[in-house]
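Student: Below is one structure. I have some questions about it.
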Amino acid sequence: MRTKSNNNDAGTFLKLGATALVLAGLAGCSAGETASSQATTSGSSALQGPIVFVNNTGDKTLTSVALKGDSGNAVLGTIASSEFEGGALGDMQFSAEDWLFINLGAANKVATIDPLTNAVPTHEANLATGTRPVHIYRDPTDGEVMWSMNDGDNAGGTTTPGDDLINCNNAARAGGPVVGGSVTILHNSHLGPGGHPPTVEATVCVLADGHKVAAFSSGTGIPKRAFVSSATAGEIAVIGNDPADVATYRKLIARIDLCDIAKEATRPSPAVCNDESATPLTTPFTVNNANPHGIRFSKLTGKIYSIQENYRTIVEINPATLAITRTFDLSTTPYTAYGITPDGRFLLLRGDTTPATGTKLGVLDISVDPPVRTDFTIAELNGTSPGSFKFSPDGKRFYILAGNAATATKKDRLFAFDASTLNAATPALTLLREIVLPATGGHSFDVLVQGAGEPKYLVVSNSTDNSISIINATDNQEKQKVTVGSNPGAVLVYEKGAAAAGNQATSSLLPGPGSYPAQPEGDDDHGMPE
């Protein structure tokens, strides 16, 4: 069986010959049991097949569900809140070597889960990161590396995004001893005999306060870099991400000031857009009101795209020169959030309008200059409030939740679209089905993707119903409901090899803190309420 200790060699594997032990563990595990102490083997008789991980926000536990298909879906086990030190679970993401990582904001740690070796997923260790980790990303240039965004806190101990009090205590800061949040970089190690638990590789202080999201550049002739935006500061930190470049690898190499003079003039308390080109990397920039939240990399254009919510603009950044090459103004449109199609051609625009009008969708073709915007009229979205959305990796399907805001006149809906029609002469989203969900407080969802990026099943959490719905992605109909823990929020679908194959649906980034009620459909990526 696999045993745990308090050191970094916790992943010790002792071979057992009896498959029956695994089967007994599966048969005896219910939703109310903890998965962390189950006896398992290290061989092929361990857990196989897709798993749904469910963040039960009511009791702060993590339930795993075996995803079998139209039927037979069942709870494997539930990891107790004590394993997560009693705090709320945040963003979830899995690595190319099949570890699951979960941010624990209140504990200032990242939990690591082995989903594969045992009969049920097993909690291994909580790794110390920085103050209040929120989002977590798998590095697309190396799927064994994970990046945790440490939003930080103020010295007064409030929940306002601020400084990483653990890693970034810098006495040289003008006006205070601590400067900005940080990012922590982790490596997943490997499962199996002789394997070790994941480790913390580095933490980089970015000298900027506020909620953080990240994107990564790579490709032929494009430098490998991480771009991390900080909402309060109004800037983007650039971190070297090429192991061949020892001088810059995992180091802060530049910062991009997003201050816009014209846009600041319209703000209630305008900031001064001073020239920061000569500001040393050890000195914070002057704060502005841009409020960046949402950043993507296009593999088609080779550029980074960042949305500034207060300015209502999206800027395009050259990863090599770090220059802003184009700016797209959304101030005369209903759009307040965006994503990107898997091929990198379109920015998917989502409108945050009143429920009487409903959710508005459009696309911006960034493959041409000037870019071409297409606005869609989708009557079925009338009366909805906007929720999260995802593309299947093959680009052929697009899904969007209706938010359950109190003012919405149409709630508890998931809309499935044919997205292959985006590449028609006139881009379009073709509605396939309006899926009616159980009436509940809110929903979150994820997609099982297999083969060449095709969606197979959708999994939707139903908060006050304490259940998840399993929906077949072929006919877009609910096949089964599975009871999970208390008030389920974010869900994540895991399958062995999915990360290496690129088989994970791409998530939306919703508007920043304060824009939405704390409902599951207001989750950003895989779990952190905005």
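Lettering and numbering for the structure tokens are positional, with chains as A, B, ... in the shown order, residues counted from 1 in each chain, and ligands counted from 1 in the shown order.
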Using only C-alpha atoms, which protein or nucleic acid residues come within 8 Å of A:Gln308? Drop anything in the same chain fewer than 4 positions from it, and give the result as a list in words.
Tutor: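 Near neighbours after the sequence-gap exclusion: Ala290, Asn291, Pro292, His293, Gly294, Arg312, Thr313, Ile314 and Val315 of chain A.
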Student: Export, as an mmCIF file, in the first residue's frame, the selected residues with N, CA, C and O atoms.
Tutor:
data_model
loop_
_atom_site.group_PDB
_atom_site.id
_atom_site.type_symbol
_atom_site.label_atom_id
_atom_site.label_comp_id
_atom_site.auth_asym_id
_atom_site.auth_seq_id
_atom_site.Cartn_x
_atom_site.Cartn_y
_atom_site.Cartn_z
ATOM 1 N N ALA A 290 -6.480 50.819 -14.683
ATOM 2 C CA ALA A 290 -6.805 49.944 -15.814
ATOM 3 C C ALA A 290 -7.610 48.711 -15.392
ATOM 4 O O ALA A 290 -8.539 48.290 -16.072
ATOM 5 N N ASN A 291 -7.252 48.107 -14.262
ATOM 6 C CA ASN A 291 -7.911 46.912 -13.744
ATOM 7 C C ASN A 291 -7.874 45.749 -14.741
ATOM 8 O O ASN A 291 -8.907 45.261 -15.196
ATOM 9 N N PRO A 292 -6.688 45.259 -15.081
ATOM 10 C CA PRO A 292 -6.604 44.121 -16.001
ATOM 11 C C PRO A 292 -7.090 42.836 -15.332
ATOM 12 O O PRO A 292 -6.712 42.530 -14.200
ATOM 13 N N HIS A 293 -7.933 42.107 -16.035
ATOM 14 C CA HIS A 293 -8.384 40.810 -15.528
ATOM 15 C C HIS A 293 -8.880 39.976 -16.703
ATOM 16 O O HIS A 293 -9.984 40.152 -17.194
ATOM 17 N N GLY A 294 -8.044 39.081 -17.140
ATOM 18 C CA GLY A 294 -8.330 38.266 -18.318
ATOM 19 C C GLY A 294 -7.171 38.402 -19.280
ATOM 20 O O GLY A 294 -6.934 39.491 -19.823
ATOM 21 N N ARG A 312 -12.342 49.294 -20.468
ATOM 22 C CA ARG A 312 -13.141 48.628 -21.507
ATOM 23 C C ARG A 312 -12.313 48.470 -22.785
ATOM 24 O O ARG A 312 -12.783 48.744 -23.896
ATOM 25 N N THR A 313 -11.078 48.036 -22.649
ATOM 26 C CA THR A 313 -10.203 47.810 -23.800
ATOM 27 C C THR A 313 -9.535 46.441 -23.688
ATOM 28 O O THR A 313 -9.385 45.899 -22.595
ATOM 29 N N ILE A 314 -9.124 45.910 -24.826
ATOM 30 C CA ILE A 314 -8.250 44.756 -24.900
ATOM 31 C C ILE A 314 -6.989 45.194 -25.630
ATOM 32 O O ILE A 314 -7.075 45.771 -26.723
ATOM 33 N N VAL A 315 -5.829 44.942 -25.044
ATOM 34 C CA VAL A 315 -4.575 45.298 -25.705
ATOM 35 C C VAL A 315 -3.891 44.041 -26.209
ATOM 36 O O VAL A 315 -3.990 42.962 -25.612
#
Student: Between A:Ile261, A:Ala202, A:Ala208, A:Ile239, which residue has the minimum interatomic distance to A:Gly152, considering only C-alpha atoms?
Tutor: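 When distances to A:Gly152 are compared using only C-alpha atoms, the smallest one comes from A:Ala208.
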Student: Find the spatial neighbours of A:Gly502, counting only C-alpha atoms, within a cut-off of 12 Å - ignore same-chain residues fewer than 2 positions away - and output them as a CSV table (one decimal) with N, CA, C and O atoms, in the first residue's frame.
Tutor:
chain,number,residue,atom,x,y,z
A,94,PHE,N,-5.0,20.0,-13.1
A,94,PHE,CA,-4.1,18.8,-13.1
A,94,PHE,C,-3.0,19.0,-14.1
A,94,PHE,O,-3.0,19.7,-15.0
A,95,SER,N,-1.9,18.2,-13.8
A,95,SER,CA,-0.7,18.3,-14.6
A,95,SER,C,-0.6,17.3,-15.6
A,95,SER,O,-1.4,16.3,-15.7
A,96,ALA,N,0.5,17.4,-16.5
A,96,ALA,CA,0.7,16.4,-17.5
A,96,ALA,C,1.1,15.1,-17.0
A,96,ALA,O,1.0,14.0,-17.6
A,138,ARG,N,-1.6,25.2,-15.4
A,138,ARG,CA,-0.6,24.3,-16.0
A,138,ARG,C,0.1,25.0,-17.1
A,138,ARG,O,-0.4,25.6,-18.0
A,139,ASP,N,1.5,25.0,-17.0
A,139,ASP,CA,2.3,25.6,-17.9
A,139,ASP,C,2.2,24.9,-19.3
A,139,ASP,O,2.5,23.8,-19.4
A,140,PRO,N,1.7,25.6,-20.3
A,140,PRO,CA,1.5,25.0,-21.6
A,140,PRO,C,2.8,24.6,-22.3
A,140,PRO,O,2.9,23.8,-23.2
A,141,THR,N,3.9,25.2,-21.9
A,141,THR,CA,5.2,24.9,-22.4
A,141,THR,C,5.9,23.7,-21.8
A,141,THR,O,6.8,23.1,-22.3
A,142,ASP,N,5.4,23.3,-20.6
A,142,ASP,CA,5.9,22.2,-19.8
A,142,ASP,C,4.8,21.8,-18.9
A,142,ASP,O,4.6,22.4,-17.8
A,143,GLY,N,4.0,20.8,-19.3
A,143,GLY,CA,2.8,20.4,-18.5
A,143,GLY,C,3.1,19.8,-17.2
A,143,GLY,O,2.1,19.6,-16.4
A,342,PRO,N,-9.8,28.0,-29.6
A,342,PRO,CA,-8.6,27.1,-29.5
A,342,PRO,C,-7.6,27.4,-30.6
A,342,PRO,O,-6.4,27.2,-30.4
A,392,SER,N,-14.6,23.4,-26.6
A,392,SER,CA,-13.9,22.1,-26.7
A,392,SER,C,-12.6,22.4,-27.5
A,392,SER,O,-12.5,23.2,-28.3
A,393,PRO,N,-11.6,21.6,-27.2
A,393,PRO,CA,-10.2,21.8,-27.8
A,393,PRO,C,-10.3,21.7,-29.3
A,393,PRO,O,-9.4,22.4,-30.0
A,394,ASP,N,-11.2,21.0,-29.9
A,394,ASP,CA,-11.2,20.9,-31.4
A,394,ASP,C,-11.9,22.1,-32.0
A,394,ASP,O,-12.0,22.2,-33.2
A,448,LEU,N,-15.8,16.5,-20.4
A,448,LEU,CA,-14.9,15.4,-20.7
A,448,LEU,C,-14.6,15.4,-22.2
A,448,LEU,O,-15.5,15.4,-23.0
A,449,VAL,N,-13.3,15.5,-22.4
A,449,VAL,CA,-12.8,15.6,-23.8
A,449,VAL,C,-11.9,14.4,-24.1
A,449,VAL,O,-11.1,14.1,-23.3
A,450,GLN,N,-12.1,13.8,-25.3
A,450,GLN,CA,-11.3,12.6,-25.6
A,450,GLN,C,-11.0,12.7,-27.1
A,450,GLN,O,-11.5,13.6,-27.9
A,451,GLY,N,-10.2,11.7,-27.6
A,451,GLY,CA,-9.9,11.7,-29.0
A,451,GLY,C,-9.1,12.9,-29.5
A,451,GLY,O,-8.2,13.3,-28.9
A,452,ALA,N,-9.6,13.4,-30.6
A,452,ALA,CA,-8.9,14.6,-31.2
A,452,ALA,C,-9.5,15.9,-30.7
A,452,ALA,O,-9.7,16.9,-31.4
A,453,GLY,N,-9.9,15.9,-29.4
A,453,GLY,CA,-10.4,17.2,-28.8
A,453,GLY,C,-11.9,17.2,-28.8
A,453,GLY,O,-12.5,18.3,-28.7
A,454,GLU,N,-12.6,16.1,-29.0
A,454,GLU,CA,-14.1,16.1,-29.1
A,454,GLU,C,-14.7,16.0,-27.7
A,454,GLU,O,-14.3,15.2,-26.9
A,495,GLU,N,-8.8,13.1,-16.7
A,495,GLU,CA,-8.6,11.8,-17.3
A,495,GLU,C,-7.1,11.6,-17.5
A,495,GLU,O,-6.4,12.6,-17.9
A,496,LYS,N,-6.6,10.5,-17.2
A,496,LYS,CA,-5.1,10.2,-17.4
A,496,LYS,C,-4.7,10.6,-18.9
A,496,LYS,O,-5.4,10.1,-19.8
A,497,GLY,N,-3.7,11.4,-19.0
A,497,GLY,CA,-3.2,11.7,-20.4
A,497,GLY,C,-3.9,12.9,-21.0
A,497,GLY,O,-3.5,13.3,-22.1
A,498,ALA,N,-4.9,13.4,-20.4
A,498,ALA,CA,-5.7,14.5,-21.0
A,498,ALA,C,-4.8,15.8,-21.2
A,498,ALA,O,-4.9,16.4,-22.2
A,499,ALA,N,-4.0,16.1,-20.2
A,499,ALA,CA,-3.2,17.3,-20.3
A,499,ALA,C,-2.1,17.1,-21.4
A,499,ALA,O,-2.0,18.1,-22.2
A,500,ALA,N,-1.5,16.0,-21.5
A,500,ALA,CA,-0.5,15.8,-22.5
A,500,ALA,C,-1.1,15.8,-23.9
A,500,ALA,O,-0.5,16.2,-24.9
A,504,GLN,N,-8.5,19.3,-22.7
A,504,GLN,CA,-9.2,20.0,-21.7
A,504,GLN,C,-9.9,21.2,-22.3
A,504,GLN,O,-9.2,22.0,-23.0
A,505,ALA,N,-11.1,21.4,-21.9
A,505,ALA,CA,-11.9,22.5,-22.5
A,505,ALA,C,-11.3,23.8,-21.9
A,505,ALA,O,-10.9,23.9,-20.8
A,506,THR,N,-11.2,24.8,-22.8
A,506,THR,CA,-10.6,26.1,-22.4
A,506,THR,C,-11.7,27.0,-21.7
A,506,THR,O,-12.8,27.1,-22.1
Student: Can you measure atom CA of A:Thr407 to atom CA of A:Thr353 for me? One decimal in Å is fine.
Tutor: 11.4 Å
Student: Please give the complete set of residues from stretch 150-352 of chain A that DSSP, run on the backbone, assigns to alpha helix (DSSP H), formatted as an mmCIF file with all heavy atoms, in the first residue's frame.
Tutor:
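For reference, part07.cif as written:
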data_model
loop_
_atom_site.group_PDB
_atom_site.id
_atom_site.type_symbol
_atom_site.label_atom_id
_atom_site.label_comp_id
_atom_site.auth_asym_id
_atom_site.auth_seq_id
_atom_site.Cartn_x
_atom_site.Cartn_y
_atom_site.Cartn_z
ATOM 1 N N ILE A 261 -3.660 57.365 -20.876
ATOM 2 C CA ILE A 261 -3.973 58.754 -20.513
ATOM 3 C C ILE A 261 -5.418 59.104 -20.829
ATOM 4 O O ILE A 261 -6.137 59.692 -20.012
ATOM 5 C CB ILE A 261 -3.013 59.720 -21.240
ATOM 6 C CG1 ILE A 261 -1.580 59.506 -20.750
ATOM 7 C CG2 ILE A 261 -3.440 61.168 -21.007
ATOM 8 C CD1 ILE A 261 -0.554 60.336 -21.507
ATOM 9 N N ALA A 262 -5.874 58.757 -22.026
ATOM 10 C CA ALA A 262 -7.236 59.107 -22.435
ATOM 11 C C ALA A 262 -8.275 58.414 -21.559
ATOM 12 O O ALA A 262 -9.297 59.015 -21.181
ATOM 13 C CB ALA A 262 -7.442 58.736 -23.903
ATOM 14 N N LYS A 263 -8.040 57.156 -21.234
ATOM 15 C CA LYS A 263 -8.997 56.427 -20.413
ATOM 16 C C LYS A 263 -8.970 56.908 -18.956
ATOM 17 O O LYS A 263 -10.012 56.932 -18.281
ATOM 18 C CB LYS A 263 -8.706 54.930 -20.480
ATOM 19 C CG LYS A 263 -8.978 54.310 -21.841
ATOM 20 C CD LYS A 263 -10.459 54.327 -22.185
ATOM 21 C CE LYS A 263 -10.749 53.643 -23.496
ATOM 22 N NZ LYS A 263 -12.206 53.634 -23.806
ATOM 23 N N GLU A 264 -7.793 57.278 -18.474
ATOM 24 C CA GLU A 264 -7.715 57.784 -17.103
ATOM 25 C C GLU A 264 -8.514 59.072 -16.946
ATOM 26 O O GLU A 264 -9.063 59.348 -15.878
ATOM 27 C CB GLU A 264 -6.266 58.011 -16.697
ATOM 28 C CG GLU A 264 -5.493 56.741 -16.373
ATOM 29 C CD GLU A 264 -5.976 56.040 -15.120
ATOM 30 O OE1 GLU A 264 -6.627 56.688 -14.272
ATOM 31 O OE2 GLU A 264 -5.719 54.830 -14.988
#
Student: Using only C-alpha atoms, which residue out of A:Gly72, A:Glu83, A:Gly181, A:Ile136 lies closest to A:Phe101?
Tutor: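 Closest residue, counting only C-alpha atoms: A:Ile136.
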Student: For A:Ser71, please output as a PyMOL selection string all residues within 10 Å (counting only C-alpha atoms; exclusion window: fewer than 2 positions along the same chain).
Tutor: chain A and resi 67-69+73-74+470+479-481
Student: Ranking A:Gly210, A:Gly485, A:Gly130, A:Gly387 by minimum distance to A:Thr184 and counting only C-alpha atoms, which one comes first?
Tutor: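 Nearest to A:Thr184: A:Gly130.
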Student: DSSP says strand (DSSP E) for which residues of stretch 218-351 of chain A? Put them as a VMD selection string?
Tutor: chain A and resid 225 to 230 235 to 240 252 to 257 292 to 297 304 to 308 313 to 317 324 to 329 335 to 340 346 to 351
